[in-house]
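S.K.: Contents are compact mmCIF, C-alpha atoms and all ligand atoms; file name entry31.txt:
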```
# COMPACT_ATOMS: atom_id res chain seq x y z
CA MET A 1 0.00 0.00 0.00
CA LYS A 2 1.30 3.41 -0.96
CA LYS A 3 2.15 5.73 1.94
CA VAL A 4 3.57 9.26 2.19
CA GLU A 5 4.96 11.27 5.11
CA VAL A 6 4.85 15.07 5.14
CA GLU A 7 6.08 17.66 7.63
CA ALA A 8 3.70 20.40 8.81
CA HIS A 9 5.69 23.32 10.18
CA ALA A 10 4.35 25.99 12.54
CA LYS A 11 4.68 29.72 11.84
CA ILE A 12 5.28 32.83 13.89
CA ASN A 13 4.55 36.43 12.89
CA LEU A 14 7.62 38.66 12.94
CA SER A 15 5.07 41.49 12.97
CA LEU A 16 1.34 41.78 12.46
CA ASP A 17 -0.56 44.91 11.45
CA VAL A 18 -4.28 45.40 10.88
CA ILE A 19 -4.88 48.21 8.44
CA GLY A 20 -8.66 48.21 8.09
CA LYS A 21 -11.93 46.35 8.18
CA ARG A 22 -13.66 45.24 4.99
CA GLU A 23 -17.39 45.51 4.36
CA ASP A 24 -17.72 41.72 4.76
CA GLY A 25 -16.36 41.97 8.32
CA TYR A 26 -12.89 40.55 7.57
CA HIS A 27 -9.87 42.55 8.66
CA GLU A 28 -7.19 43.63 6.19
CA VAL A 29 -3.80 42.64 7.51
CA ARG A 30 -0.14 43.10 6.70
CA MET A 31 2.00 40.53 8.42
CA ILE A 32 5.39 38.94 8.14
CA MET A 33 5.14 35.17 8.27
CA GLN A 34 8.07 33.02 9.32
CA GLN A 35 8.17 29.24 9.41
CA ILE A 36 9.90 27.53 12.34
CA SER A 37 11.33 24.07 12.87
CA LEU A 38 8.53 23.00 15.28
CA LYS A 39 6.41 20.55 13.29
CA ASP A 40 3.64 17.99 13.19
CA ILE A 41 4.30 14.81 11.21
CA ILE A 42 1.53 13.67 8.89
CA GLN A 43 1.40 10.15 7.44
CA ILE A 44 -1.10 9.38 4.72
CA GLU A 45 -1.91 5.94 3.36
CA GLU A 46 -4.60 4.52 1.09
CA TYR A 47 -7.58 3.24 3.09
CA GLY A 48 -10.60 1.92 1.21
CA LYS A 49 -13.42 4.38 0.59
CA ASP A 50 -13.61 6.29 3.86
CA THR A 51 -11.14 8.68 5.42
CA ILE A 52 -10.13 8.47 9.06
CA ILE A 53 -7.94 10.64 11.26
CA GLU A 54 -5.72 9.02 13.86
CA THR A 55 -3.99 11.05 16.55
CA LYS A 56 -2.97 10.69 20.19
CA GLU A 57 -3.75 14.38 20.77
CA LYS A 58 -7.13 14.51 22.50
CA LYS A 59 -7.64 18.25 22.00
CA ILE A 60 -8.21 18.10 18.24
CA PRO A 61 -11.26 16.65 16.48
CA THR A 62 -10.95 13.41 14.48
CA ASP A 63 -14.14 13.98 12.48
CA SER A 64 -14.84 16.02 9.35
CA THR A 65 -14.10 19.27 11.21
CA ASN A 66 -10.39 18.46 11.39
CA LEU A 67 -8.66 20.68 8.84
CA ALA A 68 -6.66 17.67 7.61
CA TYR A 69 -9.95 15.90 6.79
CA ARG A 70 -11.25 19.00 5.02
CA ALA A 71 -8.11 19.08 2.86
CA TRP A 72 -8.76 15.46 1.77
CA ASP A 73 -12.46 16.20 1.19
CA ILE A 74 -11.87 19.24 -1.03
CA LEU A 75 -9.12 17.61 -3.10
CA SER A 76 -10.88 14.26 -3.60
CA LYS A 77 -14.10 15.99 -4.69
CA ARG A 78 -12.26 18.42 -7.01
CA PHE A 79 -10.57 15.54 -8.86
CA ASN A 80 -13.29 12.91 -8.44
CA ILE A 81 -10.90 10.53 -6.72
CA GLY A 82 -13.44 8.43 -4.83
CA ARG A 83 -10.80 6.95 -2.51
CA GLY A 84 -10.29 7.30 1.23
CA VAL A 85 -7.09 7.66 3.22
CA LYS A 86 -5.88 7.11 6.76
CA ILE A 87 -4.29 10.32 8.05
CA LYS A 88 -2.06 9.93 11.10
CA ILE A 89 -1.22 13.19 12.87
CA GLU A 90 1.68 13.33 15.29
CA LYS A 91 0.78 16.62 16.94
CA ASN A 92 3.68 18.65 18.34
CA ILE A 93 2.42 22.16 17.55
CA PRO A 94 0.39 23.60 20.45
CA ILE A 95 -3.32 24.01 19.63
CA ALA A 96 -5.21 27.31 19.30
CA ALA A 97 -1.90 28.97 20.00
CA GLY A 98 -1.34 31.47 17.16
CA LEU A 99 1.07 29.08 15.43
CA ALA A 100 -1.29 28.01 12.59
CA GLY A 101 -1.04 24.34 13.53
CA GLY A 102 -4.34 23.37 11.93
CA SER A 103 -3.56 25.25 8.71
CA ALA A 104 -0.12 23.61 8.58
CA ASP A 105 -1.72 20.15 8.84
CA ALA A 106 -4.17 21.00 6.04
CA ALA A 107 -1.31 22.26 3.84
CA ALA A 108 0.68 19.08 4.50
CA VAL A 109 -2.30 16.88 3.57
CA LEU A 110 -2.76 18.75 0.28
CA LYS A 111 0.93 18.27 -0.53
CA GLY A 112 0.88 14.64 0.55
CA LEU A 113 -2.21 13.75 -1.48
CA ASN A 114 -0.76 15.52 -4.52
CA GLU A 115 2.07 13.00 -4.28
CA LEU A 116 0.01 9.94 -3.26
CA TRP A 117 -2.48 10.42 -6.09
CA ASN A 118 0.09 11.64 -8.67
CA LEU A 119 -1.96 14.78 -9.35
CA ASN A 120 1.11 16.81 -10.40
CA LEU A 121 -0.45 20.05 -9.15
CA LYS A 122 1.90 23.03 -9.01
CA GLU A 123 2.43 24.96 -5.79
CA ASP A 124 0.19 27.87 -6.84
CA GLU A 125 -2.64 25.48 -7.75
CA LEU A 126 -2.37 23.83 -4.33
CA MET A 127 -2.36 27.29 -2.72
CA ASP A 128 -5.62 28.24 -4.50
CA ILE A 129 -7.26 25.06 -3.22
CA GLY A 130 -5.82 25.69 0.27
CA LEU A 131 -7.48 29.11 0.45
CA GLU A 132 -10.87 27.34 0.46
CA ILE A 133 -9.85 25.76 3.78
CA GLY A 134 -8.46 28.87 5.49
CA ALA A 135 -6.63 32.16 4.95
CA ASP A 136 -3.32 30.83 6.40
CA VAL A 137 -3.24 27.59 4.38
CA PRO A 138 -1.69 29.08 1.18
CA TYR A 139 1.17 30.48 3.27
CA CYS A 140 1.68 27.11 4.98
CA ILE A 141 2.06 25.56 1.50
CA MET A 142 4.55 28.24 0.42
CA GLY A 143 6.55 28.26 3.69
CA GLY A 144 9.72 30.19 4.46
CA THR A 145 9.58 33.96 5.03
CA ALA A 146 6.74 35.88 3.40
CA LEU A 147 4.66 39.05 3.49
CA ALA A 148 0.95 38.26 3.80
CA GLU A 149 -1.63 40.90 2.88
CA GLY A 150 -5.37 41.04 2.19
CA ILE A 151 -6.90 38.62 4.70
CA GLY A 152 -3.55 36.81 4.76
CA GLU A 153 -3.86 35.17 1.36
CA LYS A 154 -1.94 37.67 -0.81
CA LEU A 155 1.60 36.42 -0.48
CA THR A 156 4.97 37.81 -1.48
CA ARG A 157 8.00 35.65 -0.83
CA LEU A 158 10.75 37.46 1.10
CA LYS A 159 14.44 36.74 1.40
CA SER A 160 14.93 33.81 3.76
CA PHE A 161 15.38 34.75 7.43
CA LYS A 162 16.39 31.23 8.43
CA ASP A 163 18.58 29.84 11.22
CA LYS A 164 17.62 32.37 13.93
CA LEU A 165 17.37 31.02 17.49
CA VAL A 166 13.81 31.31 18.75
CA LEU A 167 12.18 30.41 22.07
CA ILE A 168 8.49 29.54 21.91
CA ALA A 169 6.39 29.69 25.08
CA LYS A 170 2.69 28.89 25.19
CA PRO A 171 0.90 29.63 28.46
CA PRO A 172 -1.86 27.23 29.57
CA ILE A 173 -4.71 29.12 27.90
CA GLN A 174 -6.36 28.83 24.48
CA VAL A 175 -7.28 31.95 22.57
CA SER A 176 -9.98 32.14 19.93
CA THR A 177 -8.85 34.14 16.90
CA ALA A 178 -12.47 35.24 16.33
CA TYR A 179 -12.65 36.72 19.85
CA VAL A 180 -9.48 38.75 19.31
CA TYR A 181 -10.55 40.26 15.99
CA LYS A 182 -14.05 40.95 17.32
CA ASN A 183 -12.63 42.94 20.23
CA LEU A 184 -9.99 44.81 18.23
CA LYS A 185 -10.63 48.56 18.12
CA LEU A 186 -8.61 49.99 15.25
CA GLU A 187 -8.86 53.53 16.62
CA ASP A 188 -7.23 52.42 19.89
CA ILE A 189 -4.06 51.09 18.26
CA LYS A 190 -1.28 53.50 19.11
CA GLU A 191 1.70 51.79 17.52
CA HIS A 192 1.82 50.09 14.14
CA PRO A 193 4.81 48.10 12.87
CA ASP A 194 6.84 49.62 10.03
CA ILE A 195 6.48 46.53 7.85
CA ASP A 196 8.38 47.99 4.87
CA ASN A 197 11.38 48.86 7.01
CA LEU A 198 11.28 45.41 8.62
CA ILE A 199 11.32 43.82 5.16
CA LYS A 200 14.40 45.90 4.22
CA ASN A 201 16.16 44.63 7.32
CA ILE A 202 15.12 41.04 6.67
CA GLU A 203 16.79 41.43 3.28
CA LEU A 204 19.95 42.63 5.07
CA ASP A 205 19.64 39.71 7.53
CA ASN A 206 19.74 42.32 10.31
CA VAL A 207 18.36 40.15 13.11
CA ASN A 208 18.97 42.82 15.74
CA PHE A 209 16.86 45.43 14.00
CA VAL A 210 14.07 43.00 13.17
CA ALA A 211 13.88 41.62 16.73
CA LYS A 212 13.87 45.08 18.32
CA ASN A 213 11.19 46.54 16.04
CA MET A 214 8.60 43.76 15.95
CA ILE A 215 5.02 44.84 16.74
CA ASN A 216 1.81 42.81 16.80
CA VAL A 217 -1.27 45.03 17.08
CA LEU A 218 -3.38 42.09 18.32
CA GLU A 219 -1.43 42.17 21.59
CA THR A 220 -3.65 45.09 22.62
CA VAL A 221 -6.63 42.72 22.87
CA THR A 222 -5.03 39.46 24.00
CA ILE A 223 -2.65 40.89 26.62
CA ASN A 224 -5.49 42.92 28.08
CA LYS A 225 -7.36 39.67 28.75
CA TYR A 226 -4.32 37.52 29.63
CA PRO A 227 -1.56 39.52 31.41
CA ILE A 228 0.59 36.35 31.58
CA ILE A 229 1.56 37.08 27.95
CA GLN A 230 3.18 40.38 28.96
CA LYS A 231 4.90 38.58 31.84
CA ILE A 232 6.45 36.01 29.46
CA LYS A 233 7.60 38.79 27.10
CA GLU A 234 9.30 40.66 29.96
CA HIS A 235 10.84 37.43 31.18
CA MET A 236 12.40 36.74 27.78
CA MET A 237 13.82 40.28 27.66
CA ARG A 238 15.35 39.80 31.13
CA PHE A 239 17.15 36.74 29.74
CA ASN A 240 18.65 38.88 26.94
CA ALA A 241 16.26 38.12 24.09
CA LEU A 242 16.90 40.57 21.24
CA GLY A 243 13.13 40.99 21.02
CA SER A 244 9.95 39.22 22.06
CA LEU A 245 6.43 39.21 20.63
CA MET A 246 3.08 37.43 20.74
CA SER A 247 2.46 35.29 17.62
CA GLY A 248 -0.79 35.71 15.65
CA SER A 249 -3.77 36.18 17.95
CA GLY A 250 -1.85 34.47 20.77
CA PRO A 251 -1.30 33.29 23.34
CA THR A 252 2.11 31.93 22.24
CA VAL A 253 5.02 34.30 22.85
CA PHE A 254 8.34 33.97 21.04
CA GLY A 255 11.72 35.52 21.67
CA ILE A 256 14.61 35.86 19.25
CA PHE A 257 17.99 35.16 20.88
CA ASP A 258 21.57 35.27 19.65
CA ASN A 259 23.13 33.36 22.52
CA THR A 260 22.63 29.65 23.25
CA ASP A 261 23.31 29.92 26.99
CA ASP A 262 20.72 32.68 27.42
CA ILE A 263 18.01 30.79 25.52
CA ILE A 264 18.63 27.58 27.51
CA LYS A 265 18.51 29.43 30.85
CA CYS A 266 15.35 31.28 29.84
CA LYS A 267 13.70 27.99 28.78
CA GLU A 268 14.58 26.25 32.03
CA GLU A 269 13.11 29.05 34.11
CA LEU A 270 9.97 29.43 31.97
CA GLU A 271 9.27 25.70 32.17
CA THR A 272 8.48 26.07 35.86
CA TRP A 273 5.36 28.17 35.12
CA VAL A 274 4.53 27.88 31.38
CA ASP A 275 3.21 24.58 29.99
CA ARG A 276 4.87 24.40 26.57
CA VAL A 277 8.37 25.79 25.93
CA HIS A 278 10.49 24.90 22.89
CA ILE A 279 13.80 26.05 21.48
CA VAL A 280 13.40 26.17 17.70
CA LYS A 281 14.98 27.76 14.64
CA THR A 282 13.51 29.80 11.83
CA ILE A 283 13.58 27.82 8.57
P1 LIG B 1 -4.02 30.50 13.72
O1 LIG B 1 -2.67 30.98 14.13
O2 LIG B 1 -4.16 30.23 12.24
O3 LIG B 1 -5.16 31.28 14.30
P2 LIG B 1 -4.03 28.58 15.78
O4 LIG B 1 -2.64 28.04 15.96
O5 LIG B 1 -4.45 29.68 16.70
O6 LIG B 1 -4.18 29.02 14.30
P3 LIG B 1 -5.04 25.92 15.49
O7 LIG B 1 -4.07 25.14 16.32
O8 LIG B 1 -4.89 25.84 14.03
O9 LIG B 1 -5.06 27.45 15.94
O10 LIG B 1 -6.48 25.41 15.97
C1 LIG B 1 -7.63 26.19 15.94
C2 LIG B 1 -8.85 25.28 16.11
O11 LIG B 1 -8.95 24.40 14.98
C3 LIG B 1 -8.78 24.39 17.33
O12 LIG B 1 -9.88 24.72 18.15
C4 LIG B 1 -8.90 22.96 16.84
O13 LIG B 1 -9.85 22.20 17.54
C5 LIG B 1 -9.32 23.07 15.37
N1 LIG B 1 -8.60 22.11 14.50
C6 LIG B 1 -9.13 21.44 13.48
N2 LIG B 1 -8.22 20.65 12.89
C7 LIG B 1 -7.06 20.83 13.55
C8 LIG B 1 -5.75 20.28 13.40
N3 LIG B 1 -5.45 19.39 12.46
N4 LIG B 1 -4.81 20.73 14.25
C9 LIG B 1 -5.10 21.66 15.19
N5 LIG B 1 -6.32 22.17 15.38
C10 LIG B 1 -7.31 21.77 14.57
```
What is this structure when it is put down as structure tokens?
M.R.:
Amino acid sequence: MKKVEVEAHAKINLSLDVIGKREDGYHEVRMIMQQISLKDIIQIEEYGKDTIIETKEKKIPTDSTNLAYRAWDILSKRFNIGRGVKIKIEKNIPIAAGLAGGSADAAAVLKGLNELWNLNLKEDELMDIGLEIGADVPYCIMGGTALAEGIGEKLTRLKSFKDKLVLIAKPPIQVSTAYVYKNLKLEDIKEHPDIDNLIKNIELDNVNFVAKNMINVLETVTINKYPIIQKIKEHMMRFNALGSLMSGSGPTVFGIFDNTDDIIKCKEELETWVDRVHIVKTI
């Protein structure tokens, strides 16, 4: 039986700006997406007519609402495949964390099925299909470093910002992205990131400048509700992070470091009061 294995990498936002609200209620964003080495592993094998999801992670659904299932459903209907698969998800990316774990799984399933079924779809065709699942899925297919505009689906690839040392810390709370956007008051945002200047410095590989000038406007909402996020940020700065920011709508906080000793010490201390802490690299 044919079987494929695909990696589903998490993302962080090196900055996130909201520049307006559209008539349909969606927010227009400008954000810098960066893939990290933290990943789920997805195995897909042929499995009769039905599709099943297998995972040890109890916090994600195994029915048709799992984004991995939706990816299979959309692709098999589009190409009239009429075959089921078994999708095994080894979940390492924290859930509802601002790391796009669900979107990454969906992207990996699209890529894996493209291979399993010999569809020969190009990356941009897979990205178009991915957009039907969610705004972050096209980026998860593209990967690397990218500027995302519109509702997150208009992507421009940026020069790679790989191999930076990053500490990820997710406090024991789950944040709903819908709640954060619903409570965002554009007129209250005092500081916006200078995305164009950040892009210039990404091109120069100026990690110091990028880390020190990162801004995520969604922090205004999420930190207000969960002060622990601010506490983690301050903690990372005390351990000499070059910069620290909340990812996406939160609650995960990341810090960019340039010293291995500092990042290890910071991790050890954070682990005593934060449930998930990982040292990763940008890829
Ligand atoms: P984003 O940064 O795009 O907002 P997130 O990291 O905050 O994403 P996810 O981990 O993608 O959030 O999960 C959001 C919700 O989607 C969860 O409530 C979860 O139950 C559901 N979900 C469905 N399929 C998956 C999956 N394969 N992995 C994780 N969550 C999934």
S.K.: Which chains and residue numbers are within 7 Å of ligand LIG 1 (chain B), counting only C-alpha atoms and all ligand atoms, if I want them as a list of chain:residue names?
M.R.: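 Selection of residues at most 7 Å from ligand LIG 1 (chain B): A:Lys59, A:Ile60, A:Pro61, A:Thr65, A:Asn66, A:Leu67, A:Ala68, A:Pro94, A:Ile95, A:Ala96, A:Ala97, A:Gly98, A:Leu99, A:Ala100, A:Gly101, A:Gly102, A:Ser103, A:Asp105, A:Ala106, A:Asp136, A:Val175, A:Ser176, A:Thr177, A:Gly248, A:Ser249, A:Gly250.
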S.K.: What's the separation between CA of Val207 in chain A and CA of His27 in chain A, in Å to one decimal place?
M.R.: 28.7 Å
S.K.: Which polymer residues have any atom within 8 Å of an atom of range 229-238 of chain A, counting all atoms listed in the file, with same-chain residues fewer than 2 positions away left out, as JSON, numbers by chain?
M.R.: {"A": [169, 171, 223, 226, 227, 240, 241, 242, 243, 244, 245, 246, 251, 252, 253, 254, 255, 266, 270]}
S.K.: For those residues, write C-alpha atoms to a file as a CSV table (one decimal), keeping the file's coordinate frame.
M.R.:
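This went into result-v2.csv:
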```
chain,number,residue,atom,x,y,z
A,169,ALA,CA,6.4,29.7,25.1
A,171,PRO,CA,0.9,29.6,28.5
A,223,ILE,CA,-2.6,40.9,26.6
A,226,TYR,CA,-4.3,37.5,29.6
A,227,PRO,CA,-1.6,39.5,31.4
A,240,ASN,CA,18.6,38.9,26.9
A,241,ALA,CA,16.3,38.1,24.1
A,242,LEU,CA,16.9,40.6,21.2
A,243,GLY,CA,13.1,41.0,21.0
A,244,SER,CA,10.0,39.2,22.1
A,245,LEU,CA,6.4,39.2,20.6
A,246,MET,CA,3.1,37.4,20.7
A,251,PRO,CA,-1.3,33.3,23.3
A,252,THR,CA,2.1,31.9,22.2
A,253,VAL,CA,5.0,34.3,22.8
A,254,PHE,CA,8.3,34.0,21.0
A,255,GLY,CA,11.7,35.5,21.7
A,266,CYS,CA,15.4,31.3,29.8
A,270,LEU,CA,10.0,29.4,32.0
```
S.K.: Build an axis-aligned box that encloses every atom of range 233-236 of chain A listed in the file, pad it by 4 Å on each side, and report its centre and edge lengths in Å to one decimal, as lines of an AutoDock Vina configuration file.
M.R.:
```
center_x = 10.0
center_y = 38.7
center_z = 29.1
size_x = 12.8
size_y = 11.9
size_z = 12.1
```
S.K.: Which residue, A:Tyr139, A:Lys164, A:Thr62, A:Lys212, has the smallest gap to Gly152 in chain A when you use all atoms listed in the file?
M.R.: A:Tyr139
S.K.: Report, in Å to a single decimal, how far apart CA of Ser247 in chain A and CA of Ile12 in chain A are.
M.R.: 5.3 Å
S.K.: Which residue is closest to Val217 in chain A? Choose from A:Val109, A:Leu16, A:Ile202, A:Ile263 and count all atoms listed in the file.
M.R.: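 Using all atoms listed in the file, Val217 in chain A sits closest to A:Leu16.
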S.K.: Which value, in Å to one decimal, gives the distance between CA of Thr222 in chain A and CA of Pro172 in chain A?
M.R.: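 These atoms are spaced 13.8 Å apart.
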S.K.: Skipping near chain neighbours, those fewer than 4 positions away, what residues fall within 8 Å of Ala10 in chain A using all atoms listed in the file, listed as a short mmCIF file (atom, residue, chain, number, x, y, z; two decimals) with C-alpha atoms, keeping the file's coordinate frame?
M.R.:
```cif
data_model
loop_
_atom_site.label_atom_id
_atom_site.label_comp_id
_atom_site.auth_asym_id
_atom_site.auth_seq_id
_atom_site.Cartn_x
_atom_site.Cartn_y
_atom_site.Cartn_z
CA GLN A 35 8.17 29.24 9.41
CA ILE A 36 9.90 27.53 12.34
CA SER A 37 11.33 24.07 12.87
CA LEU A 38 8.53 23.00 15.28
CA LYS A 39 6.41 20.55 13.29
CA ILE A 93 2.42 22.16 17.55
CA LEU A 99 1.07 29.08 15.43
CA ALA A 100 -1.29 28.01 12.59
CA GLY A 101 -1.04 24.34 13.53
CA ALA A 104 -0.12 23.61 8.58
#
```
S.K.: Hey, could you make a per-residue contact list for range 111-225 of chain A against range 20-23 of chain A with 12 Å as the cut-off, showing the nearest pair of atoms and its distance in Å to one decimal, counting all atoms listed in the file, sorted by chain and number, as a Markdown table?
M.R.:
```
| residue | atom | partner | partner_atom | distance |
| --- | --- | --- | --- | --- |
| A:Glu149 | CA | A:Gly20 | CA | 11.4 |
| A:Gly150 | CA | A:Arg22 | CA | 9.7 |
| A:Ile151 | CA | A:Arg22 | CA | 9.5 |
| A:Tyr181 | CA | A:Lys21 | CA | 10.0 |
| A:Lys182 | CA | A:Lys21 | CA | 10.8 |
| A:Leu184 | CA | A:Lys21 | CA | 10.4 |
| A:Lys185 | CA | A:Gly20 | CA | 10.2 |
| A:Leu186 | CA | A:Gly20 | CA | 7.4 |
| A:Glu187 | CA | A:Gly20 | CA | 10.1 |
| A:Ile189 | CA | A:Gly20 | CA | 11.5 |
```
S.K.: Could you please take those selected residues and save C-alpha atoms as a PDB file, in the frame of the given file?
M.R.:
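Dumped to part-v9.pdb:
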```pdb
ATOM      1  CA  GLU A 149      -1.630  40.900   2.880  1.00  0.00           C
ATOM      2  CA  GLY A 150      -5.370  41.040   2.190  1.00  0.00           C
ATOM      3  CA  ILE A 151      -6.900  38.620   4.700  1.00  0.00           C
ATOM      4  CA  TYR A 181     -10.550  40.260  15.990  1.00  0.00           C
ATOM      5  CA  LYS A 182     -14.050  40.950  17.320  1.00  0.00           C
ATOM      6  CA  LEU A 184      -9.990  44.810  18.230  1.00  0.00           C
ATOM      7  CA  LYS A 185     -10.630  48.560  18.120  1.00  0.00           C
ATOM      8  CA  LEU A 186      -8.610  49.990  15.250  1.00  0.00           C
ATOM      9  CA  GLU A 187      -8.860  53.530  16.620  1.00  0.00           C
ATOM     10  CA  ILE A 189      -4.060  51.090  18.260  1.00  0.00           C
TER      11      ILE A 189
END
```
S.K.: Using only C-alpha atoms, which residue out of A:Asn224, A:Asn92, A:Ser76, A:Asn13 lies closest to Asp40 in chain A?
M.R.: A:Asn92
S.K.: From the set A:Ala8, A:Ala211, A:Met33, A:Ile283, which residue has the shortest atom-to-atom contact distance to Ala148 in chain A, counting all atoms listed in the file?
M.R.: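 When distances to Ala148 in chain A are compared using all atoms listed in the file, the smallest one comes from A:Met33.
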S.K.: For each of A:Asp73, A:Glu125, A:Glu45, A:Asp194, take the minimum atom-to-atom distance to Ser15 in chain A, counting only C-alpha atoms, then give the residue where this is smallest.
M.R.: A:Asp194
S.K.: Would you mind listing what lies within 12 Å of Ile81 in chain A as a PyMOL selection string, with only C-alpha atoms counted and same-chain residues fewer than 3 positions away left out?
M.R.: chain A and resi 46+48-50+72-78+84-85+113-114+116-119
S.K.: Write the residues you've just listed into a file as a PDB file, in the coordinates of the input, and include C-alpha atoms for each of them.
M.R.:
```
ATOM      1  CA  GLU A  46      -4.600   4.520   1.090  1.00  0.00           C
ATOM      2  CA  GLY A  48     -10.600   1.920   1.210  1.00  0.00           C
ATOM      3  CA  LYS A  49     -13.420   4.380   0.590  1.00  0.00           C
ATOM      4  CA  ASP A  50     -13.610   6.290   3.860  1.00  0.00           C
ATOM      5  CA  TRP A  72      -8.760  15.460   1.770  1.00  0.00           C
ATOM      6  CA  ASP A  73     -12.460  16.200   1.190  1.00  0.00           C
ATOM      7  CA  ILE A  74     -11.870  19.240  -1.030  1.00  0.00           C
ATOM      8  CA  LEU A  75      -9.120  17.610  -3.100  1.00  0.00           C
ATOM      9  CA  SER A  76     -10.880  14.260  -3.600  1.00  0.00           C
ATOM     10  CA  LYS A  77     -14.100  15.990  -4.690  1.00  0.00           C
ATOM     11  CA  ARG A  78     -12.260  18.420  -7.010  1.00  0.00           C
ATOM     12  CA  GLY A  84     -10.290   7.300   1.230  1.00  0.00           C
ATOM     13  CA  VAL A  85      -7.090   7.660   3.220  1.00  0.00           C
ATOM     14  CA  LEU A 113      -2.210  13.750  -1.480  1.00  0.00           C
ATOM     15  CA  ASN A 114      -0.760  15.520  -4.520  1.00  0.00           C
ATOM     16  CA  LEU A 116       0.010   9.940  -3.260  1.00  0.00           C
ATOM     17  CA  TRP A 117      -2.480  10.420  -6.090  1.00  0.00           C
ATOM     18  CA  ASN A 118       0.090  11.640  -8.670  1.00  0.00           C
ATOM     19  CA  LEU A 119      -1.960  14.780  -9.350  1.00  0.00           C
TER      20      LEU A 119
END
```
S.K.: Choose the residue, out of A:Ala178, A:Ile53, A:Ile199, A:Val137, that has the smallest atom-to-atom separation from Lys159 in chain A; count all atoms listed in the file.
M.R.: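 Distance minimum relative to Lys159 in chain A lands on A:Ile199.
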